[in-house]
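Participant: Just dropping this structure here.
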Amino acid sequence: MSPPTQNITKGNSVETDIVHYLKTRDKKALQLIFENYGPVLLNIILRIVKDRPMAQDTLQEVLIKIWKNGQSYKVENGSLFTWLTRVCRNAAIDKTRTKDYKLSEKFNTAIDLVNIAELAAHEEGTEQLYMRQMIDQLPSVQQKLIDLAYFQGYTQKEIAKFMKMPLGTVKTRIRLAIRNLRSII
Amino acid sequence: MNLKDYIESGLLESYMMGELSDEEMKEVDRLAARHPVIGQELEKIRKGILTYAEATGNRPHPDVLRAALKTLQDDQEDTQTGLSKLQDTSENRIKRFPVWYVAASVLLLVSIIFNLILFRKLRENREEIRSLTNQRTLLAEQVETASLKLDDAETRIAHFTNEDNIRVRMEGSEISPRSFAHVFWNKKTNAVFISVDNLPEPPHGHQYQLWAIKPGQSPIDAGIFDYNEQIQKLKVIKGDVMAFAVTLEKEGGTPHATVEKTYVKGFL
């Protein structure tokens, strides 16, 4: 019996499915990783590669590496996520050593502007609009914290400095934000 | 271990944020393997983030997956055509060339395979070196923190044992009964040192200030200090001091003490 391909809602079995597909050399593994871990992995890369387009490039390289080294993953050495995180960090560090990256650091401001334009051009479907409304029930500070910590690659220390809050408060509020997020969805 | 406290510590949120080191992540994994409730909690956090990503459209672009799959597809095709070409030519040549040529080809093939194995081994080693380097950096950081703490402790001991020092223990006042701190006042140089033992983190934009109290005079400014540095040298104070006290003041200090914000106080 083969496991189902789509499994976003069904619990930790996603991890089991992905590991199964990696071992049987089925590319569904990459699709499931992308769907279920894509945003968190991109965030981990963004913590090191501070440039969104380059971070997306890195994620693409990571997917290829995962495919090529998938059989080296061992459950005994930690969870799939921990392994994926390690692959992402190594790829991100490699990226920061490239000439392209060093050049891009100089033009970062220009790239940020492009990013904002890209985000603004993003269109929302009906279902997405509905979810967006649900999320808008969260206080805006909590939305901001989730955004910085889980999507913009900021460390909690950086957030504390940026939002002018003590580090302890940042940690408690992020936890609260995630709990609220879970209760409204 | 209290699982509820562990879950509420915020560590699991940091895990999903990518804020923990490899070792710390593995520790969480070990606990999750032993206590399913931790694994379930991690899943809930991940799904929360995923839903947030769906709702805000803040996902990696779908082209990322598409491009990766295409690269892998192209690689596969290249290898296949490469292999079939190799087969064609070798068949032709076998017909035309003597046995030694076949032997050489076999040797070449063996050498290629051997190289591939070596290459793979090299890549694994490189991976290992990287992970070891990460661990080493982590250890170096830990050693540095420890040696800073040791320095602090040694300075404190030196002040406690210095016979030229008058030591004043300042006890917590009503607004902060658990606080305490020490002042060391050097009889020879008149230098004043503070040892911050237990003071709460001051609110944003505020700082602690030490005052020397002489009979019949308003408190004399003995300097401002950071609450999180243990031993600090403050001003030189001369004369007939009867007590020292610490108040909470606006950042940068003040010439006149806000007496009702006295945190600790001690008499000579």
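Chain labels follow the order of the structure tokens: the first chain is A, the next B, and so on; residue numbering restarts at 1 in every chain, and ligands are counted from 1 in their shown order.
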Would you give me, as a tab-separated table, each residue of chain A having an atom within 6 Å of an atom of chain B, along with its shortest atom pair and that distance in Å to one decimal, using only C-alpha atoms and sorting by chain and residue number?

Facilitator:
```
residue	atom	partner	partner_atom	distance
A:Pro39	CA	B:Arg59	CA	5.3
A:Ile44	CA	B:Gly18	CA	5.5
A:Gln60	CA	B:Val64	CA	5.2
A:Ile64	CA	B:Ala68	CA	5.9
A:Gly78	CA	B:Lys26	CA	5.4
A:Ser79	CA	B:Asp29	CA	5.9
A:Gln128	CA	B:Ala55	CA	5.0
A:Met131	CA	B:Ala55	CA	5.0
A:Arg132	CA	B:Ala55	CA	4.8
A:Tyr150	CA	B:Met17	CA	5.6
A:Arg175	CA	B:Gly10	CA	5.9
A:Arg182	CA	B:Gly48	CA	5.5
```

Participant: Keeping C-alpha atoms for every residue in the selection just given, could you write it to a file as an mmCIF file, in the first residue's frame?

Facilitator:
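Listed below is the output, out18.cif:
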```cif
data_model
loop_
_atom_site.group_PDB
_atom_site.id
_atom_site.type_symbol
_atom_site.label_atom_id
_atom_site.label_comp_id
_atom_site.auth_asym_id
_atom_site.auth_seq_id
_atom_site.Cartn_x
_atom_site.Cartn_y
_atom_site.Cartn_z
ATOM 1 C CA PRO A 39 7.986 28.539 4.060
ATOM 2 C CA ILE A 44 15.887 29.483 7.758
ATOM 3 C CA GLN A 60 15.991 25.387 -5.252
ATOM 4 C CA ILE A 64 18.253 19.233 -5.583
ATOM 5 C CA GLY A 78 17.120 13.348 14.401
ATOM 6 C CA SER A 79 13.915 14.468 12.767
ATOM 7 C CA GLN A 128 -7.084 32.830 0.590
ATOM 8 C CA MET A 131 -8.067 32.885 5.570
ATOM 9 C CA ARG A 132 -6.570 36.344 5.369
ATOM 10 C CA TYR A 150 8.941 33.015 10.594
ATOM 11 C CA ARG A 175 4.421 32.015 21.668
ATOM 12 C CA ARG A 182 -3.784 27.983 16.067
#
```

Participant: Do a neighbour search on Ala245 in chain B at 7 Å with only C-alpha atoms, toss out local chain neighbours closer than 6 positions, and write the hits as a PyMOL selection string.

Facilitator: chain B and resi 210-212+262+264-266

Participant: So which residues touch Met134 in chain A within 9 Å, counting only C-alpha atoms, skipping near sequence neighbours fewer than 3 positions away, as number ranges by chain?

Facilitator: A: 129-131, 137-138, 181, 184-185; B: 55

Participant: Kindly save the residues from that selection, with N, CA and C atoms included, as a CSV table (one decimal), in the first residue's frame.

Facilitator:
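Result file is result-v6.csv:
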```
chain,number,residue,atom,x,y,z
A,129,LEU,N,-8.5,34.8,0.6
A,129,LEU,CA,-9.1,36.0,1.2
A,129,LEU,C,-9.8,35.7,2.5
A,130,TYR,N,-10.5,34.6,2.5
A,130,TYR,CA,-11.2,34.1,3.8
A,130,TYR,C,-10.2,33.9,4.9
A,131,MET,N,-9.1,33.2,4.5
A,131,MET,CA,-8.1,32.9,5.6
A,131,MET,C,-7.4,34.2,6.0
A,137,GLN,N,-7.7,38.8,12.4
A,137,GLN,CA,-8.2,38.9,13.8
A,137,GLN,C,-7.1,38.9,14.8
A,138,LEU,N,-5.9,38.5,14.4
A,138,LEU,CA,-4.8,38.6,15.3
A,138,LEU,C,-4.4,40.1,15.5
A,181,LEU,N,-3.0,32.0,16.7
A,181,LEU,CA,-3.1,31.6,15.3
A,181,LEU,C,-3.7,30.2,15.2
A,184,ILE,N,-7.5,30.3,15.9
A,184,ILE,CA,-8.5,30.8,15.0
A,184,ILE,C,-8.6,30.0,13.7
A,185,ILE,N,-7.6,29.1,13.4
A,185,ILE,CA,-7.7,28.3,12.2
A,185,ILE,C,-8.2,26.9,12.4
B,55,ALA,N,-2.4,32.0,3.8
B,55,ALA,CA,-3.3,33.1,3.9
B,55,ALA,C,-2.7,34.4,3.4
```

Participant: Contacts of range 158-168 of chain A at 9 Å or less, counting only C-alpha atoms, minus same-chain residues fewer than 3 places along, as a list of chain:residue names?

Facilitator: A:Leu145, A:Leu148, A:Ala149, A:Tyr154, A:Thr155, A:Lys171, A:Thr172, A:Arg173, B:His204

Participant: Please, which residues of chain A, numbered as in this document, come out alpha helix (DSSP H) from DSSP, as a PyMOL selection string?

Facilitator: chain A and resi 13-23+28-46+52-69+80-96+99-106+108-120+126-135+140-150+156-162+167-184

Participant: The selected residues should be written to file as a CSV table (one decimal), in the first residue's frame (atoms: C-alpha atoms).

Facilitator:
```
chain,number,residue,atom,x,y,z
A,13,SER,CA,2.5,11.2,8.9
A,14,VAL,CA,3.7,13.8,6.4
A,15,GLU,CA,7.2,13.3,7.7
A,16,THR,CA,6.8,9.5,7.4
A,17,ASP,CA,5.5,9.9,3.8
A,18,ILE,CA,8.4,12.1,2.8
A,19,VAL,CA,11.0,9.7,4.3
A,20,HIS,CA,9.3,6.8,2.5
A,21,TYR,CA,9.4,8.6,-0.8
A,22,LEU,CA,13.0,9.6,-0.3
A,23,LYS,CA,14.0,6.0,0.3
A,28,LYS,CA,6.8,13.2,-4.7
A,29,ALA,CA,9.1,13.6,-1.7
A,30,LEU,CA,10.3,17.0,-3.1
A,31,GLN,CA,6.8,18.1,-3.7
A,32,LEU,CA,5.7,17.3,-0.2
A,33,ILE,CA,8.7,18.9,1.3
A,34,PHE,CA,8.1,22.1,-0.7
A,35,GLU,CA,4.4,22.2,0.2
A,36,ASN,CA,4.8,21.3,3.9
A,37,TYR,CA,8.1,22.8,4.8
A,38,GLY,CA,8.8,25.4,2.1
A,39,PRO,CA,8.0,28.5,4.1
A,40,VAL,CA,9.9,27.5,7.2
A,41,LEU,CA,12.9,26.4,5.2
A,42,LEU,CA,12.9,29.6,3.2
A,43,ASN,CA,12.9,31.5,6.5
A,44,ILE,CA,15.9,29.5,7.8
A,45,ILE,CA,17.8,30.3,4.6
A,46,LEU,CA,16.8,34.0,4.9
A,52,ARG,CA,14.9,37.1,-1.0
A,53,PRO,CA,15.6,36.2,-4.7
A,54,MET,CA,18.9,34.6,-3.7
A,55,ALA,CA,17.3,32.8,-0.8
A,56,GLN,CA,14.7,31.3,-3.3
A,57,ASP,CA,17.6,30.2,-5.5
A,58,THR,CA,19.2,28.6,-2.5
A,59,LEU,CA,16.0,26.7,-1.7
A,60,GLN,CA,16.0,25.4,-5.3
A,61,GLU,CA,19.6,24.1,-4.8
A,62,VAL,CA,18.5,22.6,-1.4
A,63,LEU,CA,15.7,20.6,-3.1
A,64,ILE,CA,18.3,19.2,-5.6
A,65,LYS,CA,20.7,18.4,-2.8
A,66,ILE,CA,17.9,16.7,-0.8
A,67,TRP,CA,17.1,14.5,-3.8
A,68,LYS,CA,20.7,13.6,-4.4
A,69,ASN,CA,21.5,12.9,-0.7
A,80,LEU,CA,13.5,15.2,9.1
A,81,PHE,CA,13.1,18.9,9.9
A,82,THR,CA,16.4,19.0,11.7
A,83,TRP,CA,18.1,17.3,8.7
A,84,LEU,CA,16.4,19.7,6.3
A,85,THR,CA,17.5,22.6,8.4
A,86,ARG,CA,21.1,21.4,8.3
A,87,VAL,CA,21.0,21.1,4.5
A,88,CYS,CA,19.5,24.6,4.2
A,89,ARG,CA,22.1,26.2,6.5
A,90,ASN,CA,25.0,24.6,4.7
A,91,ALA,CA,23.6,25.6,1.3
A,92,ALA,CA,22.9,29.2,2.6
A,93,ILE,CA,26.5,29.5,3.9
A,94,ASP,CA,27.8,28.3,0.6
A,95,LYS,CA,25.6,30.9,-1.1
A,96,THR,CA,27.0,33.8,0.9
A,99,LYS,CA,30.7,36.3,-6.0
A,100,ASP,CA,27.0,36.9,-6.9
A,101,TYR,CA,26.0,37.2,-3.3
A,102,LYS,CA,28.8,39.6,-2.4
A,103,LEU,CA,27.8,41.8,-5.4
A,104,SER,CA,24.1,41.6,-4.4
A,105,GLU,CA,24.8,42.8,-0.9
A,106,LYS,CA,25.8,46.2,-2.4
A,108,ASN,CA,20.3,45.3,-1.4
A,109,THR,CA,18.2,48.4,-1.1
A,110,ALA,CA,17.2,48.3,-4.8
A,111,ILE,CA,16.2,44.7,-4.4
A,112,ASP,CA,14.1,45.4,-1.4
A,113,LEU,CA,12.1,47.9,-3.4
A,114,VAL,CA,11.5,45.3,-6.1
A,115,ASN,CA,10.3,42.9,-3.4
A,116,ILE,CA,7.7,45.3,-2.2
A,117,ALA,CA,6.5,45.8,-5.7
A,118,GLU,CA,6.3,42.0,-6.2
A,119,LEU,CA,4.3,41.6,-2.9
A,120,ALA,CA,1.9,44.3,-3.9
A,126,THR,CA,-11.4,33.6,-2.5
A,127,GLU,CA,-10.3,30.9,-0.1
A,128,GLN,CA,-7.1,32.8,0.6
A,129,LEU,CA,-9.1,36.0,1.2
A,130,TYR,CA,-11.2,34.1,3.8
A,131,MET,CA,-8.1,32.9,5.6
A,132,ARG,CA,-6.6,36.3,5.4
A,133,GLN,CA,-9.6,37.7,7.2
A,134,MET,CA,-9.2,35.0,9.9
A,135,ILE,CA,-5.6,36.0,10.4
A,140,SER,CA,-1.3,43.6,14.4
A,141,VAL,CA,1.8,43.4,16.7
A,142,GLN,CA,1.4,39.6,16.8
A,143,GLN,CA,1.1,39.4,13.0
A,144,LYS,CA,4.2,41.5,12.7
A,145,LEU,CA,6.1,39.2,15.1
A,146,ILE,CA,5.1,36.1,13.2
A,147,ASP,CA,6.1,37.7,10.0
A,148,LEU,CA,9.5,38.8,11.2
A,149,ALA,CA,10.3,35.6,13.0
A,150,TYR,CA,8.9,33.0,10.6
A,156,GLN,CA,14.4,37.1,18.2
A,157,LYS,CA,17.3,39.3,19.4
A,158,GLU,CA,17.1,41.4,16.2
A,159,ILE,CA,13.3,41.6,16.6
A,160,ALA,CA,13.7,42.8,20.2
A,161,LYS,CA,16.0,45.6,19.1
A,162,PHE,CA,13.8,46.5,16.1
A,167,LEU,CA,13.9,39.8,24.5
A,168,GLY,CA,11.7,38.0,27.1
A,169,THR,CA,8.6,39.9,25.9
A,170,VAL,CA,9.4,39.0,22.3
A,171,LYS,CA,9.6,35.3,23.2
A,172,THR,CA,6.4,35.3,25.2
A,173,ARG,CA,4.5,37.3,22.6
A,174,ILE,CA,5.6,35.0,19.7
A,175,ARG,CA,4.4,32.0,21.7
A,176,LEU,CA,1.1,33.8,22.4
A,177,ALA,CA,0.8,34.7,18.7
A,178,ILE,CA,1.3,31.1,17.5
A,179,ARG,CA,-1.3,29.9,20.1
A,180,ASN,CA,-3.8,32.5,18.9
A,181,LEU,CA,-3.1,31.6,15.3
A,182,ARG,CA,-3.8,28.0,16.1
A,183,SER,CA,-7.0,28.8,17.9
A,184,ILE,CA,-8.5,30.8,15.0
```
